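Working notes for the structure below.
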Amino acid sequence: MPEPHFKSLPQSSRATVVQSGILSVAVPSPLRRCFDYLPGPLTPASGWCAGLRVRVPFGRRNVVGIIVAIKAESDLPRDKLKPIEALIDQAPLPEDWLWLCHFTARYYQHSLGDTFANAMPVLLRHGRPLEARTRERWALTAKGRAAPPETLGRARRQAELLAILAQHSHGLVNSAILAQGFSRAQLDGLRSKGLIECHEELLAAPLRDHAEVLAEPALSLNREQGDALAALHEGLERFDPVLLHGVTGSGKTEVYLQLIEAVLDKGRQALILVPEIGLTPQTLERFKHRFNVPVVALHSGLNDAERLDAWEAARAGRARIIIGTRSAIFTPLAKPGVIIVDEEHDTSFKQHEGLRYHARDLAVVRANHHGIPIVLGSATPSFETLRHAEVGHYRHLRLTQRAGHGTPARLELVDLRGRRLHGGLGPQAQEAIAQQLGAGRQVLVFINRRGFAPTLTCHACGWLSECRNCDARMTLHRQPPELICHHCERHSPLPDACPNCGSGDLRPQGNGTERTEESLTEAFPKTPVLRVDRDSTRRKHALEQTLAIIKRGEPCILVGTQMLAKGHHFPHVTLVVVVNADGGLYSSDFRAMEHSAQLLTQVAGRAGREAYPGRVLVQTLHPDDPHLNLLAEQGYDALAAHLLEERRIASLPPFRHLVLLRAESAQMEEVNALLSDTATALRHWLREHTLEVDCMGPVPAPMERRQNRYHAQLILCAAKRSVLHEAAAWLAQRLENMPQARRIRWSIDVDPQELN
Ligand code: ADP
Ligand code: ZN
Ligand code: ZN
């Protein structure tokens, strides 16, 4: 942990006046309560108020917390209260940010202190001041420019420094001067003679800020885009949630850009959430190219100091466009103008551990708070968002045509039953690949499994490479050769012989990206085969390099996971092959088919984006499946309407709401005992208060054993959110106060996206 940085505290004459107040402080702890402290001797410039960071003793530690209230009384006698150790801020943290954290903690039933800690840059969490970093720049004064060299007499180093500065008309920054061996004393000496002067400048200075917002002309919109933009313009001055539902390549991004232009013209800021910046550098470039305003991108490549700079620039209003992934929703904004959530259906917007928030849902809440428009864009909207649009909570704008060239390709189902497969590909797919390559085009092969094969199996006795710690099989990898459990990351060497019967006949079963890559390389030895998955892109810039090769347009085969499905524009790809479409068909998760349909539609959207029409071959062992057929024949919207009806009949989200209580422990009995007891008490409490909440369980998690721990859950379901939240809050309180619950890891997931 880096050293904390304290701002030097100004001496205050008001120090004794505040003795009566008690500070209620949220500290980074899982406990869902605040703690009382006495103020220190120094009063902040703003007076004692909510939103100031303080350093406080907490248990045996010393932590950074945030004041949430000033109280007259504490439940504890005054002499039991400890004083704070230090005051960090002179002014409270940004108000919009504090508001959002309070909302998030309440809605997701999470500790406020831990929510604060999650929602702020690491350096603020460690007590660094919230201010723009500056540096000193030294330059000659008019007197210095006119001074003859002998002015400095025997001060030889000062004369040399003066001569160097004379060569830099914009001056030199402090660090550059010190690096050349000059000292602070020499700088001060020249300054006291009036020969040089010093300016403070922002370290992360805004790159551009022109009178003219646009750096390049906007495209002229087609009719649908124009209609959508006009509709969006109407809502600029109010909370206006809009679903921008446009097929892949319909020009949604162009509509965002032109909407942002209108927002910037009003002097306001735009916040854009995207699933993964690293995967789609082109999108970020489009924003940077279009506008003359400072754009900050919050991505995983930033270091802690840069992250704090970006946060500060957004808060101060210097950053005009802020683009980031999930956690960027917690960026404070000086003058919010619009929030855009691109690919709003993407599951990465939900955090799956710790503070389990959904950035898209918080974005809507935040836009409402600010009274600004919010655009949820997708070709395959989530069912939650579709439902909101259907009942009129959101406006529903559609783009049905591709904007540039090209028409979306139809899905063709390919029956794999009884076919000989090579690397997962049947004869029809292989033929189609050969044909497109022959015509000088590119091909994308989508397979949602990384590694070589999902399992290693013994042909003699049927042994399977199961993980010792999980209810899961270990995946066979070839590069390097080993077995890896994708659930607990356990690695183990490849066995030479079957651990069960000793037979040497061990065979890979099923296909992963590595295996498909291998057989394609064999089948098409003259064509480059490029693999894109988490393993192949681990090296820095590896993905960028691959994307650059694809962009050149020469024939090649891309083999990859869903990393290839997201937002890319591959103009030369004319054929997409989906190796296996059956993953979502028979899953126990009620959202599996929704996610599978989204993925298939997104992958299919990579084909035929330019002059040549595209083909999408979808291999399946269930060619008669009604859902797959509906998707292939009538598309995502028709399937979504059908599945939504099924959800309505089954009383599942988005028609009812869910809260999941998960618990895990090394001892199965402990988890079951705790959850059974909790369920009984909850049902009793619900009856007593006549609250209409269904409580199901305890049930084992779909993957019961993970990392040698047992996972089970209670599922709460209700038609009304308010009662569900009451029940969840009651659960959290009860578990927090239960001594037996301390040995068990438990968590509450509001609006869970997966039931595992
Ligand atoms: P989406 O975000 O819906 O996938 P994009 O905005 O990325 O679509 O647009 C797809 C392609 O069409 C891009 O190459 C883009 O430059 C082009 N495009 C978008 N709008 C227009 C337009 N009005 N005129 C010409 N080309 C356009
Ligand atoms: Zn065996
Ligand atoms: Zn495992």
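In the structure tokens, the first chain shown is A, the next is B, and so on; residue numbers restart at 1 for each chain, and ligands run from 1 in the order shown.
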
Residues within 10 Å of Gln225 of chain A, please, as number ranges by chain. Count only C-alpha atoms; anything in the same chain fewer than 5 positions from it doesn't count. A: 220, 230-231, 246, 250-252, 254-255, 397-401, 403

For those residues, write N, CA and C atoms to a file as a tab-separated table (two decimals), in the first residue's frame.
```
chain	number	residue	atom	x	y	z
A	220	SER	N	-23.65	12.58	-43.00
A	220	SER	CA	-25.06	12.95	-43.13
A	220	SER	C	-25.88	11.70	-42.87
A	230	ALA	N	-33.58	13.35	-34.18
A	230	ALA	CA	-34.57	14.40	-33.92
A	230	ALA	C	-35.36	14.06	-32.66
A	231	ALA	N	-35.73	12.80	-32.52
A	231	ALA	CA	-36.48	12.39	-31.32
A	231	ALA	C	-35.62	12.58	-30.07
A	246	GLY	N	-31.15	-0.81	-32.67
A	246	GLY	CA	-30.75	-0.78	-34.07
A	246	GLY	C	-29.95	-2.00	-34.43
A	250	SER	N	-26.22	-0.49	-37.93
A	250	SER	CA	-27.25	0.45	-38.38
A	250	SER	C	-26.85	1.91	-38.13
A	251	GLY	N	-25.70	2.11	-37.52
A	251	GLY	CA	-25.24	3.49	-37.33
A	251	GLY	C	-25.66	4.09	-36.00
A	252	LYS	N	-25.75	3.28	-34.96
A	252	LYS	CA	-26.08	3.79	-33.64
A	252	LYS	C	-24.99	4.73	-33.15
A	254	GLU	N	-23.00	6.59	-34.77
A	254	GLU	CA	-23.10	7.90	-35.43
A	254	GLU	C	-24.19	8.75	-34.77
A	255	VAL	N	-25.27	8.11	-34.38
A	255	VAL	CA	-26.34	8.84	-33.69
A	255	VAL	C	-25.84	9.34	-32.32
A	397	LEU	N	-36.83	3.67	-29.93
A	397	LEU	CA	-36.46	4.14	-31.27
A	397	LEU	C	-35.78	3.00	-32.01
A	398	ARG	N	-36.10	2.86	-33.29
A	398	ARG	CA	-35.55	1.74	-34.04
A	398	ARG	C	-34.76	2.16	-35.26
A	399	LEU	N	-33.69	1.42	-35.50
A	399	LEU	CA	-32.96	1.53	-36.76
A	399	LEU	C	-32.98	0.14	-37.37
A	400	THR	N	-33.63	-0.01	-38.49
A	400	THR	CA	-33.84	-1.36	-39.04
A	400	THR	C	-32.91	-1.68	-40.20
A	401	GLN	N	-32.22	-0.67	-40.72
A	401	GLN	CA	-31.37	-0.86	-41.91
A	401	GLN	C	-29.91	-0.67	-41.55
A	403	ALA	N	-26.43	1.04	-42.03
A	403	ALA	CA	-26.18	2.43	-42.43
A	403	ALA	C	-25.26	2.50	-43.64
```

Write down as an mmCIF file with N, CA, C and O atoms, in the first residue's frame the residues of segment 343-583 of chain A whose backbone DSSP state falls under helix (DSSP H, G or I).
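Wrote it out as part_11.cif, contents follow:
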```
data_model
loop_
_atom_site.group_PDB
_atom_site.id
_atom_site.type_symbol
_atom_site.label_atom_id
_atom_site.label_comp_id
_atom_site.auth_asym_id
_atom_site.auth_seq_id
_atom_site.Cartn_x
_atom_site.Cartn_y
_atom_site.Cartn_z
ATOM 1 N N THR A 347 -23.489 -8.490 -20.440
ATOM 2 C CA THR A 347 -23.501 -8.931 -19.044
ATOM 3 C C THR A 347 -22.350 -8.348 -18.234
ATOM 4 O O THR A 347 -22.368 -8.397 -17.016
ATOM 5 N N SER A 348 -21.350 -7.773 -18.907
ATOM 6 C CA SER A 348 -20.231 -7.212 -18.142
ATOM 7 C C SER A 348 -20.635 -5.959 -17.358
ATOM 8 O O SER A 348 -19.879 -5.497 -16.515
ATOM 9 N N PHE A 349 -21.811 -5.399 -17.623
ATOM 10 C CA PHE A 349 -22.239 -4.230 -16.842
ATOM 11 C C PHE A 349 -22.633 -4.605 -15.422
ATOM 12 O O PHE A 349 -22.761 -3.744 -14.569
ATOM 13 N N ALA A 359 -24.323 -1.517 -13.785
ATOM 14 C CA ALA A 359 -24.009 -0.152 -14.212
ATOM 15 C C ALA A 359 -25.106 0.429 -15.101
ATOM 16 O O ALA A 359 -25.392 1.621 -15.042
ATOM 17 N N ARG A 360 -25.746 -0.416 -15.906
ATOM 18 C CA ARG A 360 -26.810 0.113 -16.767
ATOM 19 C C ARG A 360 -27.979 0.596 -15.908
ATOM 20 O O ARG A 360 -28.521 1.683 -16.135
ATOM 21 N N ASP A 361 -28.340 -0.183 -14.914
ATOM 22 C CA ASP A 361 -29.477 0.211 -14.087
ATOM 23 C C ASP A 361 -29.148 1.459 -13.276
ATOM 24 O O ASP A 361 -29.987 2.350 -13.121
ATOM 25 N N LEU A 362 -27.917 1.539 -12.779
ATOM 26 C CA LEU A 362 -27.517 2.748 -12.047
ATOM 27 C C LEU A 362 -27.487 3.948 -12.979
ATOM 28 O O LEU A 362 -27.767 5.074 -12.572
ATOM 29 N N ALA A 363 -27.139 3.708 -14.255
ATOM 30 C CA ALA A 363 -27.089 4.813 -15.211
ATOM 31 C C ALA A 363 -28.478 5.434 -15.372
ATOM 32 O O ALA A 363 -28.620 6.661 -15.438
ATOM 33 N N VAL A 364 -29.498 4.589 -15.399
ATOM 34 C CA VAL A 364 -30.862 5.105 -15.545
ATOM 35 C C VAL A 364 -31.238 5.916 -14.299
ATOM 36 O O VAL A 364 -31.778 7.025 -14.391
ATOM 37 N N VAL A 365 -30.912 5.383 -13.149
ATOM 38 C CA VAL A 365 -31.214 6.067 -11.896
ATOM 39 C C VAL A 365 -30.481 7.408 -11.821
ATOM 40 O O VAL A 365 -31.024 8.432 -11.415
ATOM 41 N N ARG A 366 -29.253 7.383 -12.276
ATOM 42 C CA ARG A 366 -28.447 8.600 -12.218
ATOM 43 C C ARG A 366 -28.974 9.663 -13.181
ATOM 44 O O ARG A 366 -29.044 10.845 -12.839
ATOM 45 N N ALA A 367 -29.341 9.250 -14.389
ATOM 46 C CA ALA A 367 -29.889 10.197 -15.358
ATOM 47 C C ALA A 367 -31.170 10.825 -14.800
ATOM 48 O O ALA A 367 -31.407 12.028 -14.946
ATOM 49 N N ASN A 368 -31.964 10.007 -14.138
ATOM 50 C CA ASN A 368 -33.191 10.509 -13.533
ATOM 51 C C ASN A 368 -32.867 11.558 -12.472
ATOM 52 O O ASN A 368 -33.472 12.622 -12.414
ATOM 53 N N HIS A 369 -31.879 11.271 -11.661
ATOM 54 C CA HIS A 369 -31.462 12.207 -10.612
ATOM 55 C C HIS A 369 -31.005 13.542 -11.206
ATOM 56 O O HIS A 369 -31.329 14.605 -10.695
ATOM 57 N N HIS A 370 -30.239 13.468 -12.301
ATOM 58 C CA HIS A 370 -29.734 14.699 -12.910
ATOM 59 C C HIS A 370 -30.767 15.382 -13.805
ATOM 60 O O HIS A 370 -30.565 16.523 -14.213
ATOM 61 N N PHE A 383 -33.971 -8.252 -22.016
ATOM 62 C CA PHE A 383 -35.415 -8.364 -21.855
ATOM 63 C C PHE A 383 -35.938 -7.342 -20.853
ATOM 64 O O PHE A 383 -37.067 -6.889 -20.948
ATOM 65 N N GLU A 384 -35.112 -6.986 -19.877
ATOM 66 C CA GLU A 384 -35.505 -5.954 -18.919
ATOM 67 C C GLU A 384 -35.810 -4.652 -19.664
ATOM 68 O O GLU A 384 -36.824 -4.007 -19.450
ATOM 69 N N THR A 385 -34.872 -4.269 -20.539
ATOM 70 C CA THR A 385 -35.030 -3.007 -21.250
ATOM 71 C C THR A 385 -36.186 -3.075 -22.253
ATOM 72 O O THR A 385 -36.962 -2.129 -22.377
ATOM 73 N N LEU A 386 -36.326 -4.211 -22.923
ATOM 74 C CA LEU A 386 -37.448 -4.360 -23.862
ATOM 75 C C LEU A 386 -38.777 -4.193 -23.135
ATOM 76 O O LEU A 386 -39.707 -3.564 -23.622
ATOM 77 N N ARG A 387 -38.832 -4.768 -21.953
ATOM 78 C CA ARG A 387 -40.063 -4.698 -21.174
ATOM 79 C C ARG A 387 -40.363 -3.244 -20.762
ATOM 80 O O ARG A 387 -41.496 -2.779 -20.852
ATOM 81 N N HIS A 388 -39.333 -2.527 -20.321
ATOM 82 C CA HIS A 388 -39.528 -1.112 -19.975
ATOM 83 C C HIS A 388 -40.044 -0.328 -21.179
ATOM 84 O O HIS A 388 -40.886 0.557 -21.049
ATOM 85 N N ALA A 389 -39.501 -0.652 -22.353
ATOM 86 C CA ALA A 389 -39.933 0.057 -23.556
ATOM 87 C C ALA A 389 -41.384 -0.298 -23.877
ATOM 88 O O ALA A 389 -42.189 0.562 -24.229
ATOM 89 N N GLU A 390 -41.713 -1.589 -23.700
ATOM 90 C CA GLU A 390 -43.058 -2.057 -24.025
ATOM 91 C C GLU A 390 -44.119 -1.366 -23.168
ATOM 92 O O GLU A 390 -45.176 -0.996 -23.659
ATOM 93 N N PRO A 427 -18.893 -30.991 -42.778
ATOM 94 C CA PRO A 427 -18.525 -30.819 -44.183
ATOM 95 C C PRO A 427 -19.088 -29.537 -44.811
ATOM 96 O O PRO A 427 -18.400 -28.877 -45.604
ATOM 97 N N GLN A 428 -20.306 -29.170 -44.450
ATOM 98 C CA GLN A 428 -20.901 -27.985 -45.072
ATOM 99 C C GLN A 428 -20.119 -26.713 -44.726
ATOM 100 O O GLN A 428 -19.852 -25.872 -45.585
ATOM 101 N N ALA A 429 -19.718 -26.609 -43.460
ATOM 102 C CA ALA A 429 -18.953 -25.440 -43.033
ATOM 103 C C ALA A 429 -17.593 -25.418 -43.725
ATOM 104 O O ALA A 429 -17.133 -24.370 -44.197
ATOM 105 N N GLN A 430 -16.969 -26.609 -43.815
ATOM 106 C CA GLN A 430 -15.644 -26.653 -44.447
ATOM 107 C C GLN A 430 -15.704 -26.228 -45.910
ATOM 108 O O GLN A 430 -14.848 -25.483 -46.396
ATOM 109 N N GLU A 431 -16.746 -26.681 -46.587
ATOM 110 C CA GLU A 431 -16.918 -26.298 -47.982
ATOM 111 C C GLU A 431 -17.111 -24.790 -48.117
ATOM 112 O O GLU A 431 -16.508 -24.136 -48.975
ATOM 113 N N ALA A 432 -17.963 -24.264 -47.273
ATOM 114 C CA ALA A 432 -18.261 -22.833 -47.349
ATOM 115 C C ALA A 432 -17.011 -22.003 -47.061
ATOM 116 O O ALA A 432 -16.767 -20.967 -47.701
ATOM 117 N N ILE A 433 -16.190 -22.473 -46.119
ATOM 118 C CA ILE A 433 -14.958 -21.754 -45.790
ATOM 119 C C ILE A 433 -14.041 -21.744 -47.012
ATOM 120 O O ILE A 433 -13.517 -20.697 -47.412
ATOM 121 N N ALA A 434 -13.867 -22.929 -47.629
ATOM 122 C CA ALA A 434 -12.991 -23.029 -48.793
ATOM 123 C C ALA A 434 -13.465 -22.091 -49.906
ATOM 124 O O ALA A 434 -12.668 -21.388 -50.537
ATOM 125 N N GLN A 435 -14.756 -22.028 -50.072
ATOM 126 C CA GLN A 435 -15.331 -21.206 -51.132
ATOM 127 C C GLN A 435 -15.038 -19.715 -50.896
ATOM 128 O O GLN A 435 -14.597 -19.001 -51.804
ATOM 129 N N GLN A 436 -15.263 -19.244 -49.674
ATOM 130 C CA GLN A 436 -15.035 -17.821 -49.384
ATOM 131 C C GLN A 436 -13.557 -17.467 -49.477
ATOM 132 O O GLN A 436 -13.201 -16.407 -49.993
ATOM 133 N N LEU A 437 -12.697 -18.369 -48.969
ATOM 134 C CA LEU A 437 -11.261 -18.093 -49.056
ATOM 135 C C LEU A 437 -10.842 -18.020 -50.520
ATOM 136 O O LEU A 437 -10.036 -17.178 -50.910
ATOM 137 N N GLY A 438 -11.408 -18.919 -51.331
ATOM 138 C CA GLY A 438 -11.105 -18.936 -52.760
ATOM 139 C C GLY A 438 -11.492 -17.621 -53.427
ATOM 140 O O GLY A 438 -10.841 -17.171 -54.377
ATOM 141 N N THR A 513 -11.099 -23.512 -28.888
ATOM 142 C CA THR A 513 -10.509 -22.668 -29.930
ATOM 143 C C THR A 513 -9.186 -23.229 -30.455
ATOM 144 O O THR A 513 -8.919 -23.196 -31.649
ATOM 145 N N GLU A 514 -8.344 -23.765 -29.545
ATOM 146 C CA GLU A 514 -7.028 -24.258 -29.983
ATOM 147 C C GLU A 514 -7.170 -25.419 -30.958
ATOM 148 O O GLU A 514 -6.439 -25.519 -31.939
ATOM 149 N N ARG A 515 -8.126 -26.301 -30.665
ATOM 150 C CA ARG A 515 -8.289 -27.479 -31.511
ATOM 151 C C ARG A 515 -8.852 -27.092 -32.885
ATOM 152 O O ARG A 515 -8.418 -27.604 -33.916
ATOM 153 N N THR A 516 -9.821 -26.189 -32.876
ATOM 154 C CA THR A 516 -10.395 -25.735 -34.142
ATOM 155 C C THR A 516 -9.329 -24.999 -34.958
ATOM 156 O O THR A 516 -9.220 -25.183 -36.169
ATOM 157 N N GLU A 517 -8.528 -24.212 -34.277
ATOM 158 C CA GLU A 517 -7.414 -23.528 -34.944
ATOM 159 C C GLU A 517 -6.497 -24.553 -35.600
ATOM 160 O O GLU A 517 -6.110 -24.419 -36.764
ATOM 161 N N GLU A 518 -6.171 -25.614 -34.837
ATOM 162 C CA GLU A 518 -5.253 -26.632 -35.344
ATOM 163 C C GLU A 518 -5.805 -27.319 -36.588
ATOM 164 O O GLU A 518 -5.116 -27.464 -37.603
ATOM 165 N N SER A 519 -7.082 -27.705 -36.534
ATOM 166 C CA SER A 519 -7.586 -28.438 -37.700
ATOM 167 C C SER A 519 -7.809 -27.516 -38.895
ATOM 168 O O SER A 519 -7.681 -27.955 -40.038
ATOM 169 N N LEU A 520 -8.093 -26.245 -38.645
ATOM 170 C CA LEU A 520 -8.208 -25.318 -39.778
ATOM 171 C C LEU A 520 -6.847 -25.076 -40.431
ATOM 172 O O LEU A 520 -6.732 -24.939 -41.648
ATOM 173 N N THR A 521 -5.801 -25.012 -39.593
ATOM 174 C CA THR A 521 -4.456 -24.822 -40.131
ATOM 175 C C THR A 521 -4.067 -26.004 -41.016
ATOM 176 O O THR A 521 -3.441 -25.844 -42.055
ATOM 177 N N GLU A 522 -4.479 -27.219 -40.571
ATOM 178 C CA GLU A 522 -4.218 -28.411 -41.385
ATOM 179 C C GLU A 522 -4.992 -28.366 -42.698
ATOM 180 O O GLU A 522 -4.464 -28.663 -43.765
ATOM 181 N N ALA A 523 -6.256 -27.982 -42.591
ATOM 182 C CA ALA A 523 -7.123 -28.018 -43.775
ATOM 183 C C ALA A 523 -6.785 -26.908 -44.773
ATOM 184 O O ALA A 523 -6.954 -27.074 -45.973
ATOM 185 N N ALA A 542 -1.327 -7.760 -28.235
ATOM 186 C CA ALA A 542 -1.537 -8.911 -29.118
ATOM 187 C C ALA A 542 -2.831 -8.753 -29.913
ATOM 188 O O ALA A 542 -2.871 -8.996 -31.119
ATOM 189 N N LEU A 543 -3.894 -8.305 -29.224
ATOM 190 C CA LEU A 543 -5.179 -8.173 -29.910
ATOM 191 C C LEU A 543 -5.093 -7.091 -30.987
ATOM 192 O O LEU A 543 -5.553 -7.281 -32.114
ATOM 193 N N GLU A 544 -4.472 -5.969 -30.633
ATOM 194 C CA GLU A 544 -4.335 -4.890 -31.613
ATOM 195 C C GLU A 544 -3.620 -5.372 -32.868
ATOM 196 O O GLU A 544 -4.007 -5.023 -33.993
ATOM 197 N N GLN A 545 -2.565 -6.165 -32.661
ATOM 198 C CA GLN A 545 -1.806 -6.662 -33.816
ATOM 199 C C GLN A 545 -2.689 -7.554 -34.691
ATOM 200 O O GLN A 545 -2.683 -7.428 -35.919
ATOM 201 N N THR A 546 -3.438 -8.435 -34.039
ATOM 202 C CA THR A 546 -4.324 -9.314 -34.810
ATOM 203 C C THR A 546 -5.355 -8.487 -35.572
ATOM 204 O O THR A 546 -5.610 -8.725 -36.759
ATOM 205 N N LEU A 547 -5.949 -7.493 -34.890
ATOM 206 C CA LEU A 547 -6.964 -6.672 -35.552
ATOM 207 C C LEU A 547 -6.373 -5.938 -36.757
ATOM 208 O O LEU A 547 -7.037 -5.766 -37.779
ATOM 209 N N ALA A 548 -5.104 -5.543 -36.628
ATOM 210 C CA ALA A 548 -4.453 -4.832 -37.734
ATOM 211 C C ALA A 548 -4.302 -5.748 -38.953
ATOM 212 O O ALA A 548 -4.489 -5.318 -40.095
ATOM 213 N N ILE A 549 -3.968 -7.016 -38.691
ATOM 214 C CA ILE A 549 -3.836 -7.967 -39.804
ATOM 215 C C ILE A 549 -5.190 -8.156 -40.493
ATOM 216 O O ILE A 549 -5.298 -8.144 -41.716
ATOM 217 N N ILE A 550 -6.230 -8.286 -39.682
ATOM 218 C CA ILE A 550 -7.567 -8.493 -40.245
ATOM 219 C C ILE A 550 -7.954 -7.305 -41.122
ATOM 220 O O ILE A 550 -8.528 -7.454 -42.188
ATOM 221 N N LYS A 551 -7.578 -6.130 -40.654
ATOM 222 C CA LYS A 551 -7.946 -4.895 -41.345
ATOM 223 C C LYS A 551 -7.323 -4.818 -42.738
ATOM 224 O O LYS A 551 -7.894 -4.235 -43.655
ATOM 225 N N ARG A 552 -6.139 -5.441 -42.901
ATOM 226 C CA ARG A 552 -5.490 -5.398 -44.211
ATOM 227 C C ARG A 552 -6.336 -6.042 -45.302
ATOM 228 O O ARG A 552 -6.202 -5.727 -46.474
ATOM 229 N N GLN A 562 -16.248 -15.096 -27.710
ATOM 230 C CA GLN A 562 -17.104 -13.913 -27.840
ATOM 231 C C GLN A 562 -16.315 -12.606 -27.886
ATOM 232 O O GLN A 562 -16.882 -11.574 -28.184
ATOM 233 N N MET A 563 -15.014 -12.687 -27.620
ATOM 234 C CA MET A 563 -14.194 -11.482 -27.785
ATOM 235 C C MET A 563 -14.331 -10.956 -29.204
ATOM 236 O O MET A 563 -14.149 -9.778 -29.452
ATOM 237 N N LEU A 564 -14.619 -11.851 -30.148
ATOM 238 C CA LEU A 564 -14.756 -11.445 -31.546
ATOM 239 C C LEU A 564 -16.147 -10.906 -31.856
ATOM 240 O O LEU A 564 -16.363 -10.303 -32.895
ATOM 241 N N ASP A 582 -25.649 -24.844 -29.358
ATOM 242 C CA ASP A 582 -26.565 -25.515 -28.447
ATOM 243 C C ASP A 582 -26.379 -25.165 -26.976
ATOM 244 O O ASP A 582 -27.146 -25.627 -26.137
ATOM 245 N N GLY A 583 -25.372 -24.347 -26.682
ATOM 246 C CA GLY A 583 -25.059 -24.035 -25.287
ATOM 247 C C GLY A 583 -26.241 -23.502 -24.502
ATOM 248 O O GLY A 583 -26.428 -23.844 -23.338
#
```

For Arg591 of chain A, list every protein, DNA or RNA residue within 9 Å, evaluated using only C-alpha atoms, and leave out those in the same chain fewer than 5 positions away; present the list as a ChimeraX atom specification. /A:584,596,753-754

To check your reading of the model: which residues sit at most 10 Å from ligand 1 when counting only C-alpha atoms and all ligand atoms? Write the answer as a ChimeraX atom specification. /A:218-226,244-257,282-283,286,342-343,377-379,399-406,566-571,602,605-606,609-610

How would you write, as a list in words, the set of residues no farther than 10 Å from ligand 3 when counting only C-alpha atoms and all ligand atoms? Glu466, Cys467, Arg468, Asn469, Cys470, Asp471, Ala472, Arg473, Met474, Thr475, Ile484, Cys485, His486, His487, Cys488, Glu489, Arg490, His491, Arg705, Arg706, Gln707 and Asn708 of chain A

Atom CA of Phe58 of chain A to atom CA of Val122 of chain A: how many Å, to one decimal?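 So the answer is 19.1 Å.
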
Closest of A:Leu506, A:Val25, A:Val63, A:Ala310 to ligand 2 - atom-to-atom distances counting only C-alpha atoms and all ligand atoms: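 The closest residue to ligand 2 is A:Leu506.
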
Within 9 Å of ligand 2 (counting only C-alpha atoms and all ligand atoms), which residues show up? I'd like them as a PyMOL selection string. chain A and resi 457-464+497-506

Using backbone DSSP assignments, extract all strand (DSSP E) residues from segment 70-287 of chain A; output them as a VMD selection string. chain A and resid 70 to 71 86 to 87 134 to 140 172 to 173 196 to 202 240 to 246 269 to 273

Using only C-alpha atoms, which residue out of A:Glu73, A:Glu692, A:Glu131, A:Asp751 lies closest to Gln90 of chain A?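 Nearest to Gln90 of chain A: A:Glu131.
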
Point out the residue among A:Ser722, A:Ser665, A:Gln186, A:Thr690 with the least atom-to-atom distance to Gln740 of chain A, counting only C-alpha atoms. A:Ser665

For a quick check of understanding, using only C-alpha atoms, which of A:Asn737, A:Thr104, A:Thr574, A:Ser747 has the smallest distance to Arg410 of chain A? A:Thr574

Would you list the contacts of Gly235 of chain A as a list in words, taking every protein, DNA or RNA residue within 12 Å and counting only C-alpha atoms, but skipping same-chain residues closer than 2 positions in sequence?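 Here the answer would be Ala228, Leu229, Ala230, Ala231, Leu232, His233, Glu237, Arg238, Phe239, Asp240, Pro241, Val242, Leu259, Ala262, Val263, Gly337, Val338, Ala367, Gly371, Ile372, Pro373, Ile374, Val375, Tyr394 and Arg395 of chain A.
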
Rank nothing, just name the residue among A:His595, A:Arg734, A:Arg184, A:Arg320 nearest to Leu639 of chain A, using only C-alpha atoms. A:His595

Segment 26-32 of chain A environment, 6 Å, only C-alpha atoms, sequence neighbours closer than 2 positions dropped, as a ChimeraX atom specification: /A:34,65-66,111,113-114

Hey, can you spit out that residue selection with all heavy atoms as a short mmCIF file (atom, residue, chain, number, x, y, z; two decimals), in the first residue's frame?
```cif
data_model
loop_
_atom_site.label_atom_id
_atom_site.label_comp_id
_atom_site.auth_asym_id
_atom_site.auth_seq_id
_atom_site.Cartn_x
_atom_site.Cartn_y
_atom_site.Cartn_z
N CYS A 34 -22.73 2.72 10.28
CA CYS A 34 -21.67 3.72 10.38
C CYS A 34 -21.16 3.76 11.82
O CYS A 34 -21.76 3.17 12.72
CB CYS A 34 -22.20 5.08 9.95
SG CYS A 34 -22.58 5.08 8.19
N GLY A 65 -12.26 6.91 6.03
CA GLY A 65 -13.72 6.82 5.96
C GLY A 65 -14.29 8.13 5.47
O GLY A 65 -13.56 9.11 5.25
N ILE A 66 -15.60 8.16 5.32
CA ILE A 66 -16.27 9.39 4.87
C ILE A 66 -17.36 9.75 5.86
O ILE A 66 -18.16 8.90 6.27
CB ILE A 66 -16.86 9.18 3.46
CG1 ILE A 66 -15.74 8.95 2.45
CG2 ILE A 66 -17.71 10.38 3.04
CD1 ILE A 66 -16.19 8.74 1.03
N SER A 111 -22.79 -2.51 2.31
CA SER A 111 -22.28 -1.55 3.29
C SER A 111 -21.92 -0.24 2.58
O SER A 111 -21.32 -0.23 1.51
CB SER A 111 -21.05 -2.14 3.97
OG SER A 111 -19.95 -1.26 3.91
N GLY A 113 -19.87 2.16 3.55
CA GLY A 113 -18.43 2.42 3.55
C GLY A 113 -17.72 1.63 2.46
O GLY A 113 -16.84 2.14 1.77
N ASP A 114 -18.14 0.40 2.28
CA ASP A 114 -17.52 -0.42 1.25
C ASP A 114 -17.94 0.06 -0.14
O ASP A 114 -17.17 -0.02 -1.10
CB ASP A 114 -17.92 -1.89 1.45
CG ASP A 114 -16.98 -2.83 0.71
OD1 ASP A 114 -15.77 -2.72 0.95
OD2 ASP A 114 -17.46 -3.63 -0.10
#
```
